[in-house]
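What follows is work_24.cif (mmCIF, C-alpha atoms).
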```
data_model
#
loop_
_atom_site.group_PDB
_atom_site.id
_atom_site.type_symbol
_atom_site.label_atom_id
_atom_site.label_comp_id
_atom_site.auth_asym_id
_atom_site.auth_seq_id
_atom_site.Cartn_x
_atom_site.Cartn_y
_atom_site.Cartn_z
ATOM 1 C CA MET B 249 36.107 -8.324 -49.686
ATOM 2 C CA ASN B 250 34.444 -6.459 -52.639
ATOM 3 C CA HIS B 251 35.014 -3.212 -50.934
ATOM 4 C CA CYS B 252 38.743 -3.866 -50.837
ATOM 5 C CA LYS B 253 38.942 -4.845 -54.555
ATOM 6 C CA SER B 254 37.284 -1.623 -55.677
ATOM 7 C CA LYS B 255 40.189 0.476 -54.427
ATOM 8 C CA ARG B 256 43.175 0.866 -56.749
ATOM 9 C CA TYR B 257 45.665 2.574 -54.489
ATOM 10 C CA MET B 258 47.562 1.034 -51.703
ATOM 11 C CA LYS B 259 45.578 1.255 -48.562
ATOM 12 C CA THR B 260 47.364 1.293 -45.249
ATOM 13 C CA PHE B 261 45.708 0.494 -42.037
ATOM 14 C CA ILE B 262 47.564 1.681 -39.033
ATOM 15 C CA ILE B 263 46.407 0.330 -35.785
ATOM 16 C CA PHE B 264 47.766 1.750 -32.580
ATOM 17 C CA ILE B 265 47.381 -0.506 -29.669
ATOM 18 C CA PHE B 266 48.350 0.801 -26.264
ATOM 19 C CA TYR B 267 48.851 -1.680 -23.510
ATOM 20 C CA GLY B 268 48.358 -0.490 -20.046
ATOM 21 C CA LEU B 269 47.169 2.808 -18.826
ATOM 22 C CA LEU B 270 49.114 5.942 -19.626
ATOM 23 C CA LEU B 271 49.970 8.056 -16.576
ATOM 24 C CA ALA B 272 47.252 6.367 -14.601
ATOM 25 C CA GLY B 273 48.736 6.427 -11.075
ATOM 26 C CA SER B 274 47.162 6.344 -7.664
ATOM 27 C CA GLY B 275 46.804 10.124 -7.720
ATOM 28 C CA THR B 276 43.646 10.274 -9.788
ATOM 29 C CA ALA B 277 41.954 7.601 -7.740
ATOM 30 C CA LEU B 278 42.845 9.322 -4.471
ATOM 31 C CA GLU B 279 41.646 12.678 -5.750
ATOM 32 C CA ASN B 280 38.346 11.030 -6.649
ATOM 33 C CA ALA B 281 38.226 9.445 -3.202
ATOM 34 C CA ALA B 282 38.813 12.792 -1.495
ATOM 35 C CA ALA B 283 36.041 14.376 -3.558
ATOM 36 C CA ALA B 284 33.655 11.540 -2.691
ATOM 37 C CA MET B 285 34.500 11.871 1.004
ATOM 38 C CA LYS B 286 33.738 15.564 0.945
ATOM 39 C CA ALA B 287 30.323 14.668 -0.415
ATOM 40 C CA GLY B 288 29.867 12.055 2.307
ATOM 41 C CA LEU B 289 29.911 9.187 -0.205
ATOM 42 C CA PHE B 290 32.048 6.793 1.793
ATOM 43 C CA ARG B 291 31.287 3.690 -0.287
ATOM 44 C CA GLU B 292 32.225 5.528 -3.467
ATOM 45 C CA ALA B 293 35.376 6.835 -1.794
ATOM 46 C CA LEU B 294 36.313 3.337 -0.684
ATOM 47 C CA ASN B 295 36.083 2.063 -4.270
ATOM 48 C CA HIS B 296 38.515 4.762 -5.389
ATOM 49 C CA VAL B 297 40.850 4.073 -2.476
ATOM 50 C CA GLU B 298 40.961 0.402 -3.418
ATOM 51 C CA VAL B 299 42.030 1.385 -6.934
ATOM 52 C CA ALA B 300 44.736 3.627 -5.458
ATOM 53 C CA GLN B 301 45.866 0.852 -3.155
ATOM 54 C CA SER B 302 46.212 -1.602 -6.063
ATOM 55 C CA GLN B 303 48.560 0.889 -7.735
ATOM 56 C CA ASP B 304 50.590 1.703 -4.650
ATOM 57 C CA HIS B 305 50.815 -1.270 -2.309
ATOM 58 C CA SER B 306 53.201 0.249 0.203
ATOM 59 C CA ASN B 307 51.484 3.547 1.036
ATOM 60 C CA ALA B 308 50.523 3.329 4.715
ATOM 61 C CA GLU B 309 48.452 6.509 4.509
ATOM 62 C CA VAL B 310 46.234 4.901 1.881
ATOM 63 C CA TYR B 311 45.696 1.934 4.198
ATOM 64 C CA ARG B 312 44.797 4.310 7.043
ATOM 65 C CA LEU B 313 42.240 6.047 4.870
ATOM 66 C CA LYS B 314 40.849 2.699 3.789
ATOM 67 C CA ALA B 315 40.576 1.545 7.400
ATOM 68 C CA LEU B 316 38.778 4.717 8.464
ATOM 69 C CA LEU B 317 36.333 4.320 5.587
ATOM 70 C CA HIS B 318 35.619 0.713 6.565
ATOM 71 C CA GLU B 319 34.972 1.867 10.128
ATOM 72 C CA ALA B 320 32.620 4.578 8.911
ATOM 73 C CA LEU B 321 30.786 1.928 6.885
ATOM 74 C CA ASN B 322 30.594 -0.334 9.951
ATOM 75 C CA GLU B 323 32.811 -3.063 8.511
ATOM 76 C CA PRO B 324 35.061 -3.882 11.472
ATOM 77 C CA ASN B 325 36.736 -6.984 10.027
ATOM 78 C CA ASN B 326 37.809 -5.189 6.866
ATOM 79 C CA ALA B 327 38.949 -2.244 8.972
ATOM 80 C CA ILE B 328 41.148 -4.516 11.085
ATOM 81 C CA GLN B 329 42.772 -5.925 7.939
ATOM 82 C CA ALA B 330 43.437 -2.436 6.618
ATOM 83 C CA TRP B 331 44.949 -1.294 9.935
ATOM 84 C CA LYS B 332 47.183 -4.373 9.972
ATOM 85 C CA SER B 333 48.364 -3.558 6.442
ATOM 86 C CA CYS B 334 48.979 0.001 7.611
ATOM 87 C CA LEU B 335 51.128 -1.320 10.462
ATOM 88 C CA LYS B 336 53.178 -3.425 8.068
ATOM 89 C CA ASN B 337 53.947 -0.500 5.823
ATOM 90 C CA THR B 338 54.906 2.257 8.228
ATOM 91 C CA GLN B 339 57.724 3.231 10.542
ATOM 92 C CA ASN B 340 55.871 6.296 11.840
ATOM 93 C CA ASP B 341 55.347 5.943 15.596
ATOM 94 C CA LEU B 342 52.173 8.041 15.632
ATOM 95 C CA LEU B 343 50.626 5.972 12.877
ATOM 96 C CA ILE B 344 51.700 2.731 14.554
ATOM 97 C CA ASN B 345 50.098 3.906 17.794
ATOM 98 C CA GLU B 346 46.900 4.885 16.028
ATOM 99 C CA ALA B 347 46.694 1.545 14.230
ATOM 100 C CA LYS B 348 47.145 -0.330 17.498
ATOM 101 C CA VAL B 349 44.451 1.719 19.251
ATOM 102 C CA HIS B 350 42.008 1.030 16.429
ATOM 103 C CA ILE B 351 42.811 -2.685 16.179
ATOM 104 C CA GLN B 352 42.355 -3.084 19.939
ATOM 105 C CA SER B 353 39.059 -1.218 19.858
ATOM 106 C CA LEU B 354 37.727 -3.103 16.840
ATOM 107 C CA GLN B 355 38.728 -6.502 18.192
ATOM 108 C CA GLY B 356 36.955 -5.685 21.446
ATOM 109 C CA ARG B 357 33.816 -4.864 19.490
ATOM 110 C CA GLU B 358 33.699 -8.221 17.689
ATOM 111 C CA MET F 57 72.116 -13.286 38.557
ATOM 112 C CA ARG F 58 70.909 -13.697 34.977
ATOM 113 C CA LEU F 59 67.418 -14.420 36.252
ATOM 114 C CA SER F 60 67.417 -11.190 38.264
ATOM 115 C CA ILE F 61 68.505 -9.166 35.238
ATOM 116 C CA ALA F 62 65.817 -10.833 33.139
ATOM 117 C CA PHE F 63 63.157 -9.950 35.737
ATOM 118 C CA LEU F 64 64.441 -6.379 35.939
ATOM 119 C CA LEU F 65 64.321 -5.990 32.149
ATOM 120 C CA ALA F 66 60.849 -7.521 31.992
ATOM 121 C CA GLY F 67 59.672 -5.122 34.688
ATOM 122 C CA LEU F 68 61.101 -2.101 32.905
ATOM 123 C CA LEU F 69 59.578 -3.232 29.620
ATOM 124 C CA THR F 70 56.194 -3.650 31.279
ATOM 125 C CA LEU F 71 56.378 -0.178 32.807
ATOM 126 C CA CYS F 72 57.404 1.389 29.489
ATOM 127 C CA CYS F 73 54.780 -0.342 27.362
ATOM 128 C CA TRP F 74 51.868 -0.490 29.796
ATOM 129 C CA SER F 75 49.040 1.729 28.690
ATOM 130 C CA GLY F 76 46.293 0.374 30.899
ATOM 131 C CA PRO F 77 44.400 2.332 33.536
ATOM 132 C CA ALA F 78 45.880 3.421 36.853
ATOM 133 C CA VAL F 79 44.058 1.552 39.634
ATOM 134 C CA SER F 80 44.427 1.926 43.363
ATOM 135 C CA PRO F 81 45.668 -1.510 44.423
ATOM 136 C CA ASN F 82 44.001 -1.567 47.847
ATOM 137 C CA TYR F 83 40.566 -0.261 46.950
ATOM 138 C CA ASP F 84 37.699 -2.730 47.119
ATOM 139 C CA PHE F 85 35.413 -2.026 44.159
ATOM 140 C CA SER F 86 32.887 -4.621 45.306
ATOM 141 C CA ASN F 87 31.685 -2.101 47.935
ATOM 142 C CA VAL F 88 30.680 0.446 45.317
ATOM 143 C CA GLY F 89 26.951 0.883 44.757
ATOM 144 C CA ILE F 90 26.747 4.112 42.789
ATOM 145 C CA ILE F 91 28.934 5.919 40.299
ATOM 146 C CA LEU F 92 28.090 9.614 40.198
ATOM 147 C CA LEU F 93 28.941 11.095 36.836
ATOM 148 C CA LYS F 94 29.773 14.779 37.271
ATOM 149 C CA PRO F 95 28.774 17.289 34.580
ATOM 150 C CA VAL F 96 31.272 17.302 31.706
ATOM 151 C CA TYR F 97 32.560 20.723 30.714
ATOM 152 C CA ASP F 98 32.940 21.786 27.105
ATOM 153 C CA HIS F 99 36.269 21.634 25.354
ATOM 154 C CA SER F 100 37.511 25.103 24.472
ATOM 155 C CA VAL F 101 37.225 24.509 20.718
ATOM 156 C CA MET F 102 33.597 23.422 20.627
ATOM 157 C CA ASN F 103 30.509 24.446 22.509
ATOM 158 C CA GLY F 104 28.305 21.496 23.360
ATOM 159 C CA SER F 105 31.158 18.998 23.376
ATOM 160 C CA GLY F 106 30.621 18.343 27.096
ATOM 161 C CA GLU F 107 26.966 17.544 26.510
ATOM 162 C CA ILE F 108 27.876 15.148 23.688
ATOM 163 C CA ILE F 109 30.364 13.237 25.823
ATOM 164 C CA GLU F 110 28.068 13.215 28.862
ATOM 165 C CA SER F 111 25.166 11.873 26.815
ATOM 166 C CA ASN F 112 27.410 9.229 25.329
ATOM 167 C CA LEU F 113 28.584 8.168 28.795
ATOM 168 C CA SER F 114 24.977 7.779 29.997
ATOM 169 C CA PHE F 115 24.001 5.975 26.812
ATOM 170 C CA ILE F 116 26.861 3.487 26.906
ATOM 171 C CA PHE F 117 26.409 2.784 30.629
ATOM 172 C CA MET F 118 22.738 2.119 29.974
ATOM 173 C CA LYS F 119 23.548 -0.026 26.973
ATOM 174 C CA ASN F 120 25.756 -2.127 29.212
ATOM 175 C CA GLY F 121 22.872 -2.886 31.525
ATOM 176 C CA TYR F 122 23.362 -0.336 34.308
ATOM 177 C CA ASP F 123 20.503 1.681 35.804
ATOM 178 C CA VAL F 124 21.083 5.306 34.916
ATOM 179 C CA SER F 125 19.314 8.168 36.661
ATOM 180 C CA GLU F 126 19.581 11.780 35.585
ATOM 181 C CA THR F 127 17.368 13.188 38.323
ATOM 182 C CA THR F 128 20.112 14.275 40.712
ATOM 183 C CA GLN F 129 21.329 17.860 40.776
ATOM 184 C CA GLU F 130 24.937 16.797 41.078
ATOM 185 C CA GLY F 131 24.983 14.804 37.893
ATOM 186 C CA THR F 132 24.002 11.428 36.527
ATOM 187 C CA SER F 133 23.988 8.456 38.858
ATOM 188 C CA ILE F 134 24.802 4.963 37.624
ATOM 189 C CA HIS F 135 23.627 2.186 39.872
ATOM 190 C CA ILE F 136 25.676 -0.954 40.193
ATOM 191 C CA ARG F 137 23.678 -3.973 41.220
ATOM 192 C CA ASN F 138 26.045 -5.501 43.716
ATOM 193 C CA GLY F 139 24.630 -4.194 46.984
ATOM 194 C CA GLY F 140 27.557 -1.891 47.670
ATOM 195 C CA THR F 141 27.173 1.256 49.730
ATOM 196 C CA ARG F 142 30.057 3.386 48.552
ATOM 197 C CA THR F 143 29.775 6.104 45.927
ATOM 198 C CA LEU F 144 32.424 6.957 43.385
ATOM 199 C CA ASN F 145 32.570 10.340 41.670
ATOM 200 C CA LEU F 146 33.361 9.997 37.985
ATOM 201 C CA VAL F 147 34.909 13.080 36.420
ATOM 202 C CA CYS F 148 35.451 13.255 32.670
ATOM 203 C CA THR F 149 37.715 15.878 31.110
ATOM 204 C CA ILE F 150 37.750 16.368 27.367
ATOM 205 C CA THR F 151 41.327 16.706 26.174
ATOM 206 C CA GLU F 152 40.659 16.753 22.445
ATOM 207 C CA PHE F 153 37.575 17.410 20.406
ATOM 208 C CA THR F 154 37.958 18.191 16.743
ATOM 209 C CA ASP F 155 36.287 17.201 13.507
ATOM 210 C CA SER F 156 38.737 18.982 11.243
ATOM 211 C CA GLU F 157 42.178 17.499 11.719
ATOM 212 C CA VAL F 158 43.818 17.634 8.298
ATOM 213 C CA ILE F 159 45.510 14.452 7.101
ATOM 214 C CA ILE F 160 47.802 14.566 4.081
ATOM 215 C CA VAL F 161 48.167 11.526 1.860
ATOM 216 C CA PRO F 162 51.178 11.723 -0.449
ATOM 217 C CA TYR F 163 51.065 9.594 -3.560
ATOM 218 C CA ARG F 164 53.295 8.641 -6.435
ATOM 219 C CA LEU F 165 52.450 9.383 -10.011
ATOM 220 C CA GLU F 166 53.427 6.278 -11.882
ATOM 221 C CA ASP F 167 54.038 6.227 -15.636
ATOM 222 C CA ARG F 168 53.881 2.551 -16.478
ATOM 223 C CA GLY F 169 55.154 3.060 -20.017
ATOM 224 C CA ARG F 170 53.444 1.793 -23.125
ATOM 225 C CA THR F 171 53.798 -0.480 -26.087
ATOM 226 C CA GLU F 172 52.885 0.887 -29.502
ATOM 227 C CA THR F 173 52.187 -1.548 -32.338
ATOM 228 C CA THR F 174 51.774 -0.427 -35.956
ATOM 229 C CA VAL F 175 50.265 -2.866 -38.426
ATOM 230 C CA THR F 176 50.567 -2.013 -42.117
ATOM 231 C CA GLN F 177 48.436 -3.969 -44.581
ATOM 232 C CA LEU F 178 48.958 -3.962 -48.360
ATOM 233 C CA PRO F 179 45.871 -3.943 -50.607
ATOM 234 C CA GLU F 180 44.978 -7.275 -52.109
ATOM 235 C CA LEU F 181 45.869 -6.337 -55.713
ATOM 236 C CA ASP F 182 49.387 -5.414 -54.700
ATOM 237 C CA ALA F 183 49.635 -8.542 -52.663
ATOM 238 C CA ILE F 184 48.730 -10.651 -55.719
ATOM 239 C CA ASP F 185 51.397 -8.883 -57.809
ATOM 240 C CA ASN F 186 54.004 -9.295 -55.129
ATOM 241 C CA GLN F 187 53.616 -13.014 -54.500
ATOM 242 C CA SER F 188 56.780 -13.367 -52.510
ATOM 243 C CA GLY F 189 56.205 -10.565 -49.971
ATOM 244 C CA PRO F 190 53.945 -10.559 -46.936
ATOM 245 C CA THR F 191 50.650 -8.713 -47.072
ATOM 246 C CA THR F 192 51.085 -7.186 -43.603
ATOM 247 C CA SER F 193 54.001 -5.835 -41.611
ATOM 248 C CA THR F 194 54.064 -5.132 -37.878
ATOM 249 C CA THR F 195 56.286 -2.723 -35.962
ATOM 250 C CA THR F 196 56.321 -2.733 -32.195
ATOM 251 C CA THR F 197 57.891 0.022 -30.094
ATOM 252 C CA THR F 198 58.098 -0.065 -26.314
ATOM 253 C CA TYR F 199 58.474 3.094 -24.198
ATOM 254 C CA ALA F 200 59.827 2.766 -20.693
ATOM 255 C CA GLY F 201 57.875 4.298 -17.829
ATOM 256 C CA SER F 202 59.070 6.360 -14.916
ATOM 257 C CA MET F 203 58.234 6.770 -11.235
ATOM 258 C CA GLN F 204 57.998 10.138 -9.548
ATOM 259 C CA GLU F 205 56.678 11.389 -6.199
ATOM 260 C CA SER F 206 54.584 14.356 -7.007
ATOM 261 C CA GLY F 207 51.163 14.637 -5.506
ATOM 262 C CA ARG F 208 49.107 14.654 -2.364
ATOM 263 C CA ILE F 209 45.507 14.836 -1.265
ATOM 264 C CA GLU F 210 44.013 16.100 1.966
ATOM 265 C CA TYR F 211 41.047 14.993 3.997
ATOM 266 C CA THR F 212 39.762 15.866 7.437
ATOM 267 C CA ARG F 213 38.973 13.555 10.276
ATOM 268 C CA ALA F 214 37.609 13.764 13.786
ATOM 269 C CA ARG F 215 39.602 13.117 16.917
ATOM 270 C CA VAL F 216 38.264 12.853 20.454
ATOM 271 C CA GLY F 217 40.261 12.435 23.645
ATOM 272 C CA ILE F 218 39.087 12.128 27.259
ATOM 273 C CA ILE F 219 40.535 11.554 30.709
ATOM 274 C CA LEU F 220 38.392 9.758 33.267
ATOM 275 C CA LYS F 221 38.978 9.865 37.013
ATOM 276 C CA MET F 222 37.066 8.094 39.764
ATOM 277 C CA THR F 223 37.390 9.230 43.352
ATOM 278 C CA ASP F 224 35.792 7.847 46.485
ATOM 279 C CA GLN F 225 33.129 10.367 47.530
ATOM 280 C CA ARG F 226 33.714 9.901 51.232
ATOM 281 C CA THR F 227 37.499 9.933 51.404
ATOM 282 C CA GLY F 228 38.315 11.861 48.230
ATOM 283 C CA ARG F 229 40.841 9.219 47.346
ATOM 284 C CA LEU F 230 41.622 8.745 43.663
ATOM 285 C CA VAL F 231 40.962 5.097 42.943
ATOM 286 C CA TRP F 232 40.984 4.788 39.166
ATOM 287 C CA SER F 233 42.090 6.876 36.207
ATOM 288 C CA HIS F 234 42.672 6.404 32.517
ATOM 289 C CA SER F 235 42.880 8.396 29.288
ATOM 290 C CA TYR F 236 41.465 7.484 25.901
ATOM 291 C CA TRP F 237 41.432 8.866 22.413
ATOM 292 C CA TYR F 238 39.992 7.767 19.135
ATOM 293 C CA SER F 239 39.908 9.005 15.566
ATOM 294 C CA GLY F 240 37.431 8.599 12.737
ATOM 295 C CA LEU F 241 35.744 10.246 9.807
ATOM 296 C CA GLU F 242 32.589 11.230 11.684
ATOM 297 C CA LEU F 243 32.610 13.141 14.951
ATOM 298 C CA HIS F 244 29.592 11.551 16.606
ATOM 299 C CA ARG F 245 30.776 8.007 15.898
ATOM 300 C CA THR F 246 34.296 8.832 17.041
ATOM 301 C CA ALA F 247 33.012 10.263 20.328
ATOM 302 C CA GLU F 248 30.836 7.222 20.881
ATOM 303 C CA THR F 249 33.671 4.780 20.235
ATOM 304 C CA CYS F 250 36.006 6.680 22.530
ATOM 305 C CA VAL F 251 33.467 6.570 25.359
ATOM 306 C CA ARG F 252 32.624 2.916 24.685
ATOM 307 C CA ASN F 253 36.297 1.950 24.986
ATOM 308 C CA ALA F 254 36.503 3.837 28.289
ATOM 309 C CA ILE F 255 33.444 2.187 29.789
ATOM 310 C CA SER F 256 34.582 -1.265 28.750
ATOM 311 C CA GLN F 257 37.500 -0.743 31.138
ATOM 312 C CA ILE F 258 35.274 0.521 33.957
ATOM 313 C CA ARG F 259 32.996 -2.506 33.600
ATOM 314 C CA LYS F 260 35.926 -4.807 34.324
ATOM 315 C CA LEU F 261 36.212 -3.289 37.806
ATOM 316 C CA PHE F 262 32.733 -4.454 38.776
ATOM 317 C CA GLN F 263 32.662 -7.924 37.233
#
```
Transcribe the structure of this file into structure tokens.
Amino acid sequence: MNHCKSKRYMKTFIIFIFYGLLLAGSGTALENAAAAMKAGLFREALNHVEVAQSQDHSNAEVYRLKALLHEALNEPNNAIQAWKSCLKNTQNDLLINEAKVHIQSLQGRE
Amino acid sequence: MRLSIAFLLAGLLTLCCWSGPAVSPNYDFSNVGIILLKPVYDHSVMNGSGEIIESNLSFIFMKNGYDVSETTQEGTSIHIRNGGTRTLNLVCTITEFTDSEVIIVPYRLEDRGRTETTVTQLPELDAIDNQSGPTTSTTTTTYAGSMQESGRIEYTRARVGIILKMTDQRTGRLVWSHSYWYSGLELHRTAETCVRNAISQIRKLFQ
């Protein structure tokens, strides 16, 4: 309070508040995931892929990558969920076939 | 008439969608005592791929409770404990063996927009002089975002494919055949899963 009284000129405080993230798309997260995969850090990559998935819910390729990472981490139930999400979001016959092969294999393993 | 058409359509649909193994309908698998796994040749793209698949076949058979013997010159013999006398030759051909298939993931760069708020505060002395006015003012500006498709990343994955054939050693008759493939991030795990899926089908013949 005393500090404010000591000043004679008008003092303006400008506060910029930015809501949300600026230009923060799934791209950065996926690039981080790809880098982590190259280093063999599958858990780290999965964390980045989950961020990318939260920003782009309909990208079947992201779900495929997520499913493959879960399989590499020996998490069959999570992998099945990711493959099912992949199936829901694609019309690509090759991807549909791949998802079905993986789901069948993973369900047989349970 | 309608029933016949329905049966015909169901039959066609079954033929089109069926991806199970081809099995000789008249062969009696309960007479089989030994499966002789022939040496697996390398795929052209990778030396040692045949050895990897062959070792995986032996490993998975053993893991499933079969007696596996690698002493024979002709290959690995897998003994089935059902008292059968017939021998089946199991031939495995590698159709695909890669750990560097490139997968492209396109992504959208999303500008979600932003809200900018400016708060201006008058000093207290001025505020006392100007009793009627507010001491702070706020201006809020919102910028719309935009959506654009603009990027992609690449990663590599492994893919392994095999064809298995079983023939009766005595007659040479083909009694069972199926093809499998699997994909994954690691080659050794992908090969193992592919072989495991194949053997799970073979096991059903002898249960």
I'd like the residues picked by the PyMOL selection byres ((chain B and resi 335) around 12) written out as a ChimeraX atom specification, using the chain letters and numbers from the file. /B:306-312,315,328-334,336-351
Return as a PyMOL selection string the set of residues that the PyMOL selection byres ((chain F and resi 96) around 12) yields on the displayed structure. chain F and resi 92-95+97-99+103-114+130-132+146-151+218-221
One number please: atom CA of F:Tyr211 to atom CA of F:Tyr238, in Å, one decimal. 16.8 Å
Matched chain/residue IDs from the PyMOL selection byres ((chain B and resi 298) around 10), as a tab-separated table (two decimals) with C-alpha atoms, in the frame of the given file:
```tsv
chain	number	residue	atom	x	y	z
B	274	SER	CA	47.16	6.34	-7.66
B	277	ALA	CA	41.95	7.60	-7.74
B	278	LEU	CA	42.84	9.32	-4.47
B	281	ALA	CA	38.23	9.44	-3.20
B	293	ALA	CA	35.38	6.84	-1.79
B	294	LEU	CA	36.31	3.34	-0.68
B	295	ASN	CA	36.08	2.06	-4.27
B	296	HIS	CA	38.52	4.76	-5.39
B	297	VAL	CA	40.85	4.07	-2.48
B	299	VAL	CA	42.03	1.38	-6.93
B	300	ALA	CA	44.74	3.63	-5.46
B	301	GLN	CA	45.87	0.85	-3.16
B	302	SER	CA	46.21	-1.60	-6.06
B	303	GLN	CA	48.56	0.89	-7.74
B	304	ASP	CA	50.59	1.70	-4.65
B	310	VAL	CA	46.23	4.90	1.88
B	311	TYR	CA	45.70	1.93	4.20
B	314	LYS	CA	40.85	2.70	3.79
```
Spatial neighbours of F:Gly217, 10 Å, all atoms listed in the file, chain gap at least 6 places, as JSON, numbers by chain: {"F": [149, 150, 151, 152, 153, 154, 235, 236, 237, 238, 239, 246, 247, 250, 251]}
Residues within 9 Å of F:Ser86, please, as a VMD selection string. Count all atoms listed in the file; anything in the same chain fewer than 4 positions from it doesn't count. chain F and resid 138 to 140 261 to 263
Pick out the closest residue to chain B from this set: F:Thr197, F:Ser233, F:Ser256, F:Thr174. Count only C-alpha atoms.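 Result for the nearest residue to chain B: F:Thr174.
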Taking all atoms listed in the file into account, which of F:Val124, F:Gln257, F:Ile136, F:Glu210 comes nearest F:Pro162?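 The answer is F:Glu210, which sits nearest to F:Pro162.
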Distance atom CA of F:Ser133-atom CA of F:Met222, one decimal place?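 If I compute the distance from atom CA of F:Ser133 to atom CA of F:Met222, I get 13.1 Å.
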Find, counting all atoms listed in the file, the residue in B:Leu316, B:Leu321, B:Ala284, B:Ala327 that gets nearest to chain F.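 When distances to chain F are compared using all atoms listed in the file, the smallest one comes from B:Leu316.
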Residue nearest chain B - candidates F:Ser100, F:Thr223, F:Val175, F:Leu230, atoms counted: all atoms listed in the file: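 Going through F:Ser100, F:Thr223, F:Val175, F:Leu230 one by one, the smallest distance to chain B is for F:Val175.
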So what do you get for atom CA of F:Gly89 versus atom CA of F:Thr227, distance-wise? 15.4 Å
